[in-house]
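Notes follow once the structure below has been shown.
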Amino acid sequence: MAVHGENEEGKLTATVVCWLLGNGCLFSWNSMLSIVDYYENLFPKYHPARVLPIVYQPFAVGILVILTYHEAKINTRRRNLLGYSIFFISALLVLVLDSATSGKGGIGTYVGLCIISGVFGVGEACVQGGMIGDLSLMCPEFIQSYLAGLAASGALTSALRLITKAAFGNSRNGLRNGAMMYFAISMLFELLCLILYAHVFPKLPIVKYYRSKAASEGSKTVSADLAAGGIRVLKDGQAAEEKPEYMERLNNKQLIVQNMDYAATIFLIFVLTFSIFPGFLTEDTKKHSLGSWHALVIITMFNIWNLIGRYIPLIDSLKLKSRRWLLIVCLARFLLIPCFYFTAKYGDEGWMIMLTSLLGLSQGYLPVCVLTEAPKNYKGPEQNALGNLLVLFLGGGVLAGVTLDLLWLIGKGW
């Protein structure tokens with residue numbers, strides 16, 4: 001979908017805002033994953049690196065199923081604002097919980113942390129599907145920038161955690177101070193995202209152009225965002241009288257049938273990644289030499305290469321566009337499972353870091369190829385629906401992955 005002339009106005013600003021909003025979608029959750037060394041020190045018997053994602057993901061997928069089913073009638077603006085508000089409040093609750101318990105462990109504190117993880121999942125269901133659905137009816141560069149922001153949130157939170165860990169030391173109190181400073185930063189960043197989405201993004205000319213175009217094609221999800229951008233929206237049915245063909249759209253079942261290969265690819269990408277990361281990498285490879293830095297270094301390497309992978313498709317000659325080859329490459333990634341198993345058993349730290357980097361690079365690259373190619377040649381309402389459907393398969397893949405990650409514990413007495 002090309003945009004010409006005056007409609008290009010605000011594209012660079014919109015791209016930067018998309019990157020920041022992508023950051024905000026996972027910044028708080030990645031903050032929780034990146035301070036897993038603190039939580040493993042606080043709850044050594046409860047496997048937080050594995051349990052917190054398992055608690056988080058069913059809430060994300062369950063709410064996402066409901067939102068995807070009703071996506072054509074949902075106010076996207078309210079959905080996304082609710083999601084970023086949940087992130088802000090949840091980050092605040094982590095600070096409150098830790099302060100109320102004075103940084104002490106115990107089953108009560110752990111249950112509270114698990115509840116907050118579930119709330120993070122609800123926020124992700126609101127924002128991830130809402131944003132990718134919304135951006136699917138705009139230009140591919142916005143989706144790429146948003147996905148790069150998702151990856152950057154991991155890299156930034158890892159970098160912040162490295163700094164705070166180095167600054168505050170490895171003592172329990174030092175870990176706690178660093179972790180809490182971390183979540184304070186996270187809370188402020190979520191507030192920034194709320195302001196950007198509410199008051200900046202809807203007023204950009206290029207965003208108003210794409211949303212107006214989608215509305216003219218029958219989309220009802222963009223009405224509130226257009227109103228926030230100062231554009232009057234026609235009453236329901238008026239567009240249909242003028243251009244009845246725009247109100248005809250493929251239903252969700254038809255979209256899935258036409259894009260089953262994309263759905264399978266996105267599902268399998270995330271199944272493989274989250275069956276290894278972060279649980280196996282942070283708990284099952286500790287025999288190496290990095291000691292208490294092991295989990296943080298491994299997570300940081302994954303996040304850095306994940307971020308690099310998100311930018312490779314910007315070079316058109318390096319972007320994989322064949323639907324068949326996307327699926328083949330995705331299936332080939334499953335060879336990483338025996339590689340990780342034998343490296344953990346017999347290899348050294350260098351091999352583990354190399355494999356983790358490869359996992360992160362492919363995890364960054366492949367979703368961008370899928371989510372920027374799939375919405376092409378559809379009308380606005382169909383693009384929004386397809387974006388939501390693919391995010392649902394993505395979430396299902398993460399849920400299946402974190403569940404399968406428990407298989408690594410077989411024979412280890414848990």
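By convention here, the chains of the structure tokens are called A, B, ... in the order presented, each chain's residues are numbered starting at 1, and ligands are numbered starting at 1 in the order presented.
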
Within 8 Å of stretch 21-24 of chain A using only C-alpha atoms, minus same-chain residues under 5 positions, as a PDB file with all heavy atoms, in the first residue's frame:
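The resulting file, result_4.pdb, is shown below:
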```pdb
ATOM      1  N   TYR A  84      -2.166  -0.168  27.922  1.00  0.00           N
ATOM      2  CA  TYR A  84      -1.023   0.587  28.448  1.00  0.00           C
ATOM      3  C   TYR A  84      -1.276   1.041  29.889  1.00  0.00           C
ATOM      4  O   TYR A  84      -0.334   1.137  30.683  1.00  0.00           O
ATOM      5  CB  TYR A  84      -0.707   1.783  27.547  1.00  0.00           C
ATOM      6  CG  TYR A  84      -0.004   1.390  26.265  1.00  0.00           C
ATOM      7  CD1 TYR A  84      -0.618   1.536  25.026  1.00  0.00           C
ATOM      8  CD2 TYR A  84       1.272   0.838  26.301  1.00  0.00           C
ATOM      9  CE1 TYR A  84       0.024   1.160  23.854  1.00  0.00           C
ATOM     10  CE2 TYR A  84       1.922   0.458  25.131  1.00  0.00           C
ATOM     11  CZ  TYR A  84       1.293   0.613  23.908  1.00  0.00           C
ATOM     12  OH  TYR A  84       1.928   0.230  22.758  1.00  0.00           O
ATOM     13  N   SER A 145       8.575  -1.385  12.547  1.00  0.00           N
ATOM     14  CA  SER A 145       9.073  -0.536  13.621  1.00  0.00           C
ATOM     15  C   SER A 145       8.487  -0.950  14.965  1.00  0.00           C
ATOM     16  O   SER A 145       9.187  -0.986  15.978  1.00  0.00           O
ATOM     17  CB  SER A 145       8.727   0.926  13.324  1.00  0.00           C
ATOM     18  OG  SER A 145       9.286   1.780  14.299  1.00  0.00           O
ATOM     19  N   TYR A 146       7.203  -1.297  14.969  1.00  0.00           N
ATOM     20  CA  TYR A 146       6.557  -1.744  16.204  1.00  0.00           C
ATOM     21  C   TYR A 146       7.182  -3.051  16.695  1.00  0.00           C
ATOM     22  O   TYR A 146       7.495  -3.200  17.881  1.00  0.00           O
ATOM     23  CB  TYR A 146       5.059  -1.935  15.960  1.00  0.00           C
ATOM     24  CG  TYR A 146       4.301  -2.431  17.162  1.00  0.00           C
ATOM     25  CD1 TYR A 146       3.907  -1.554  18.162  1.00  0.00           C
ATOM     26  CD2 TYR A 146       4.002  -3.779  17.319  1.00  0.00           C
ATOM     27  CE1 TYR A 146       3.226  -1.995  19.282  1.00  0.00           C
ATOM     28  CE2 TYR A 146       3.321  -4.240  18.425  1.00  0.00           C
ATOM     29  CZ  TYR A 146       2.926  -3.343  19.409  1.00  0.00           C
ATOM     30  OH  TYR A 146       2.257  -3.803  20.513  1.00  0.00           O
ATOM     31  N   LEU A 147       7.397  -4.000  15.770  1.00  0.00           N
ATOM     32  CA  LEU A 147       8.014  -5.276  16.139  1.00  0.00           C
ATOM     33  C   LEU A 147       9.458  -5.082  16.594  1.00  0.00           C
ATOM     34  O   LEU A 147       9.933  -5.761  17.514  1.00  0.00           O
ATOM     35  CB  LEU A 147       7.955  -6.253  14.961  1.00  0.00           C
ATOM     36  CG  LEU A 147       6.556  -6.728  14.552  1.00  0.00           C
ATOM     37  CD1 LEU A 147       6.621  -7.555  13.273  1.00  0.00           C
ATOM     38  CD2 LEU A 147       5.896  -7.524  15.663  1.00  0.00           C
ATOM     39  N   ALA A 148      10.152  -4.134  15.955  1.00  0.00           N
ATOM     40  CA  ALA A 148      11.514  -3.815  16.400  1.00  0.00           C
ATOM     41  C   ALA A 148      11.483  -3.234  17.809  1.00  0.00           C
ATOM     42  O   ALA A 148      12.366  -3.506  18.632  1.00  0.00           O
ATOM     43  CB  ALA A 148      12.175  -2.836  15.435  1.00  0.00           C
ATOM     44  N   GLY A 149      10.450  -2.447  18.106  1.00  0.00           N
ATOM     45  CA  GLY A 149      10.289  -1.907  19.451  1.00  0.00           C
ATOM     46  C   GLY A 149      10.064  -3.002  20.483  1.00  0.00           C
ATOM     47  O   GLY A 149      10.594  -2.940  21.593  1.00  0.00           O
ATOM     48  N   LEU A 150       9.273  -4.025  20.100  1.00  0.00           N
ATOM     49  CA  LEU A 150       9.074  -5.169  20.996  1.00  0.00           C
ATOM     50  C   LEU A 150      10.413  -5.812  21.351  1.00  0.00           C
ATOM     51  O   LEU A 150      10.679  -6.134  22.510  1.00  0.00           O
ATOM     52  CB  LEU A 150       8.166  -6.223  20.338  1.00  0.00           C
ATOM     53  CG  LEU A 150       6.694  -5.873  20.121  1.00  0.00           C
ATOM     54  CD1 LEU A 150       5.996  -7.007  19.367  1.00  0.00           C
ATOM     55  CD2 LEU A 150       5.982  -5.613  21.442  1.00  0.00           C
ATOM     56  N   ALA A 151      11.246  -6.007  20.315  1.00  0.00           N
ATOM     57  CA  ALA A 151      12.562  -6.610  20.551  1.00  0.00           C
ATOM     58  C   ALA A 151      13.474  -5.664  21.323  1.00  0.00           C
ATOM     59  O   ALA A 151      14.228  -6.090  22.204  1.00  0.00           O
ATOM     60  CB  ALA A 151      13.206  -6.990  19.217  1.00  0.00           C
ATOM     61  N   ALA A 152      13.387  -4.372  21.012  1.00  0.00           N
ATOM     62  CA  ALA A 152      14.233  -3.392  21.697  1.00  0.00           C
ATOM     63  C   ALA A 152      13.915  -3.322  23.181  1.00  0.00           C
ATOM     64  O   ALA A 152      14.797  -3.057  24.001  1.00  0.00           O
ATOM     65  CB  ALA A 152      14.063  -2.008  21.066  1.00  0.00           C
ATOM     66  N   SER A 153      12.653  -3.589  23.535  1.00  0.00           N
ATOM     67  CA  SER A 153      12.301  -3.565  24.958  1.00  0.00           C
ATOM     68  C   SER A 153      13.109  -4.610  25.718  1.00  0.00           C
ATOM     69  O   SER A 153      13.558  -4.374  26.845  1.00  0.00           O
ATOM     70  CB  SER A 153      10.803  -3.814  25.149  1.00  0.00           C
ATOM     71  OG  SER A 153      10.458  -5.153  24.842  1.00  0.00           O
ATOM     72  N   PHE A 189       8.077   4.711  31.858  1.00  0.00           N
ATOM     73  CA  PHE A 189       8.054   4.499  30.413  1.00  0.00           C
ATOM     74  C   PHE A 189       6.636   4.154  29.937  1.00  0.00           C
ATOM     75  O   PHE A 189       6.204   4.600  28.860  1.00  0.00           O
ATOM     76  CB  PHE A 189       9.029   3.390  30.033  1.00  0.00           C
ATOM     77  CG  PHE A 189       9.225   3.254  28.545  1.00  0.00           C
ATOM     78  CD1 PHE A 189      10.076   4.103  27.873  1.00  0.00           C
ATOM     79  CD2 PHE A 189       8.541   2.295  27.820  1.00  0.00           C
ATOM     80  CE1 PHE A 189      10.251   4.009  26.500  1.00  0.00           C
ATOM     81  CE2 PHE A 189       8.711   2.171  26.456  1.00  0.00           C
ATOM     82  CZ  PHE A 189       9.568   3.034  25.791  1.00  0.00           C
ATOM     83  N   GLU A 190       5.909   3.362  30.723  1.00  0.00           N
ATOM     84  CA  GLU A 190       4.533   3.025  30.347  1.00  0.00           C
ATOM     85  C   GLU A 190       3.649   4.269  30.342  1.00  0.00           C
ATOM     86  O   GLU A 190       2.746   4.400  29.506  1.00  0.00           O
ATOM     87  CB  GLU A 190       3.960   1.973  31.299  1.00  0.00           C
ATOM     88  CG  GLU A 190       4.686   0.636  31.287  1.00  0.00           C
ATOM     89  CD  GLU A 190       4.673  -0.062  29.930  1.00  0.00           C
ATOM     90  OE1 GLU A 190       3.939   0.377  29.026  1.00  0.00           O
ATOM     91  OE2 GLU A 190       5.404  -1.054  29.777  1.00  0.00           O
ATOM     92  N   CYS A 193       4.186   5.993  27.081  1.00  0.00           N
ATOM     93  CA  CYS A 193       3.461   5.325  25.991  1.00  0.00           C
ATOM     94  C   CYS A 193       1.983   5.692  25.992  1.00  0.00           C
ATOM     95  O   CYS A 193       1.374   5.882  24.934  1.00  0.00           O
ATOM     96  CB  CYS A 193       3.630   3.804  26.099  1.00  0.00           C
ATOM     97  SG  CYS A 193       5.279   3.233  25.688  1.00  0.00           S
ATOM     98  N   LEU A 196       1.765   9.137  24.446  1.00  0.00           N
ATOM     99  CA  LEU A 196       2.034   9.092  23.003  1.00  0.00           C
ATOM    100  C   LEU A 196       0.842   8.535  22.229  1.00  0.00           C
ATOM    101  O   LEU A 196       0.442   9.094  21.203  1.00  0.00           O
ATOM    102  CB  LEU A 196       3.273   8.234  22.725  1.00  0.00           C
ATOM    103  CG  LEU A 196       4.629   8.831  23.079  1.00  0.00           C
ATOM    104  CD1 LEU A 196       5.738   7.795  22.898  1.00  0.00           C
ATOM    105  CD2 LEU A 196       4.920  10.054  22.220  1.00  0.00           C
ATOM    106  N   TYR A 197       0.278   7.439  22.732  1.00  0.00           N
ATOM    107  CA  TYR A 197      -0.836   6.829  21.989  1.00  0.00           C
ATOM    108  C   TYR A 197      -2.095   7.695  22.078  1.00  0.00           C
ATOM    109  O   TYR A 197      -2.844   7.812  21.100  1.00  0.00           O
ATOM    110  CB  TYR A 197      -1.142   5.427  22.509  1.00  0.00           C
ATOM    111  CG  TYR A 197      -2.189   4.745  21.651  1.00  0.00           C
ATOM    112  CD1 TYR A 197      -1.839   4.139  20.439  1.00  0.00           C
ATOM    113  CD2 TYR A 197      -3.534   4.752  22.014  1.00  0.00           C
ATOM    114  CE1 TYR A 197      -2.804   3.562  19.624  1.00  0.00           C
ATOM    115  CE2 TYR A 197      -4.497   4.172  21.205  1.00  0.00           C
ATOM    116  CZ  TYR A 197      -4.121   3.576  20.019  1.00  0.00           C
ATOM    117  OH  TYR A 197      -5.082   3.018  19.205  1.00  0.00           O
TER     118      TYR A 197
END
```

Shell around A:Val398 at 6 Å using only C-alpha atoms, local window under 5 positions removed, as a compact mmCIF listing (two decimals) with all heavy atoms, in the first residue's frame:
```
# COMPACT_ATOMS: atom_id res chain seq x y z
N PHE A 270 7.14 -19.26 17.69
CA PHE A 270 7.09 -18.94 19.11
C PHE A 270 7.06 -20.19 19.99
O PHE A 270 7.54 -20.15 21.12
CB PHE A 270 5.91 -18.01 19.39
CG PHE A 270 6.18 -16.60 18.95
CD1 PHE A 270 5.97 -16.22 17.63
CD2 PHE A 270 6.69 -15.66 19.83
CE1 PHE A 270 6.25 -14.93 17.20
CE2 PHE A 270 6.97 -14.36 19.42
CZ PHE A 270 6.75 -13.99 18.10
N VAL A 271 6.53 -21.30 19.48
CA VAL A 271 6.60 -22.56 20.22
C VAL A 271 8.06 -22.93 20.47
O VAL A 271 8.47 -23.24 21.61
CB VAL A 271 5.91 -23.71 19.46
CG1 VAL A 271 6.29 -25.06 20.06
CG2 VAL A 271 4.40 -23.57 19.53
N PHE A 274 10.04 -20.29 22.90
CA PHE A 274 9.68 -20.26 24.32
C PHE A 274 9.71 -21.64 24.98
O PHE A 274 9.51 -21.73 26.19
CB PHE A 274 8.34 -19.56 24.50
CG PHE A 274 8.46 -18.07 24.36
CD1 PHE A 274 8.30 -17.47 23.12
CD2 PHE A 274 8.78 -17.29 25.44
CE1 PHE A 274 8.45 -16.10 22.97
CE2 PHE A 274 8.94 -15.92 25.31
CZ PHE A 274 8.77 -15.32 24.07
```

Counting only C-alpha atoms, which residues of stretch 87-130 of chain A sit at most 8 Å from some atom of stretch 373-396 of chain A, and what is each one's closest atom pair with its distance in Å to one decimal, listed by chain and rising residue number, as JSON lines?
```
{"residue": "A:Gln128", "atom": "CA", "partner": "A:Val391", "partner_atom": "CA", "distance": 7.1}
{"residue": "A:Gly129", "atom": "CA", "partner": "A:Asn388", "partner_atom": "CA", "distance": 4.8}
{"residue": "A:Gly130", "atom": "CA", "partner": "A:Asn388", "partner_atom": "CA", "distance": 7.0}
```

Selected residues, N, CA, C and O atoms, written as an mmCIF file, in the first residue's frame, please.
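This is the output file out.cif:
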```
data_model
loop_
_atom_site.group_PDB
_atom_site.id
_atom_site.type_symbol
_atom_site.label_atom_id
_atom_site.label_comp_id
_atom_site.auth_asym_id
_atom_site.auth_seq_id
_atom_site.Cartn_x
_atom_site.Cartn_y
_atom_site.Cartn_z
ATOM 1 N N GLN A 128 -1.120 -5.902 22.216
ATOM 2 C CA GLN A 128 -0.432 -6.555 21.100
ATOM 3 C C GLN A 128 -1.367 -6.774 19.912
ATOM 4 O O GLN A 128 -1.063 -6.394 18.791
ATOM 5 N N GLY A 129 -2.533 -7.378 20.160
ATOM 6 C CA GLY A 129 -3.487 -7.582 19.073
ATOM 7 C C GLY A 129 -4.037 -6.278 18.547
ATOM 8 O O GLY A 129 -4.197 -6.091 17.343
ATOM 9 N N GLY A 130 -4.336 -5.346 19.472
ATOM 10 C CA GLY A 130 -4.890 -4.064 19.058
ATOM 11 C C GLY A 130 -3.937 -3.268 18.194
ATOM 12 O O GLY A 130 -4.317 -2.720 17.155
#
```

- prompt: What is the atom CA of A:Leu175-atom CA of A:Ser102 distance in Å, reported with one decimal?
  reply: 13.1 Å

- request: For A:Tyr39, list every protein, DNA or RNA residue within 12 Å, evaluated using only C-alpha atoms, and leave out those in the same chain fewer than 6 positions away; present the list as a list in words.
  value: Ser31, Met32, Leu33, Lys45, Tyr46, His47, Pro48, Ala49, Arg50, Val51, Leu52, Val94, Asp98, Gly103, Lys104, Gly105, Gly106, Thr109, Tyr110, Leu113, Cys114, Arg172, Leu175, Arg176, Ala179, Met180 and Ala295 of chain A
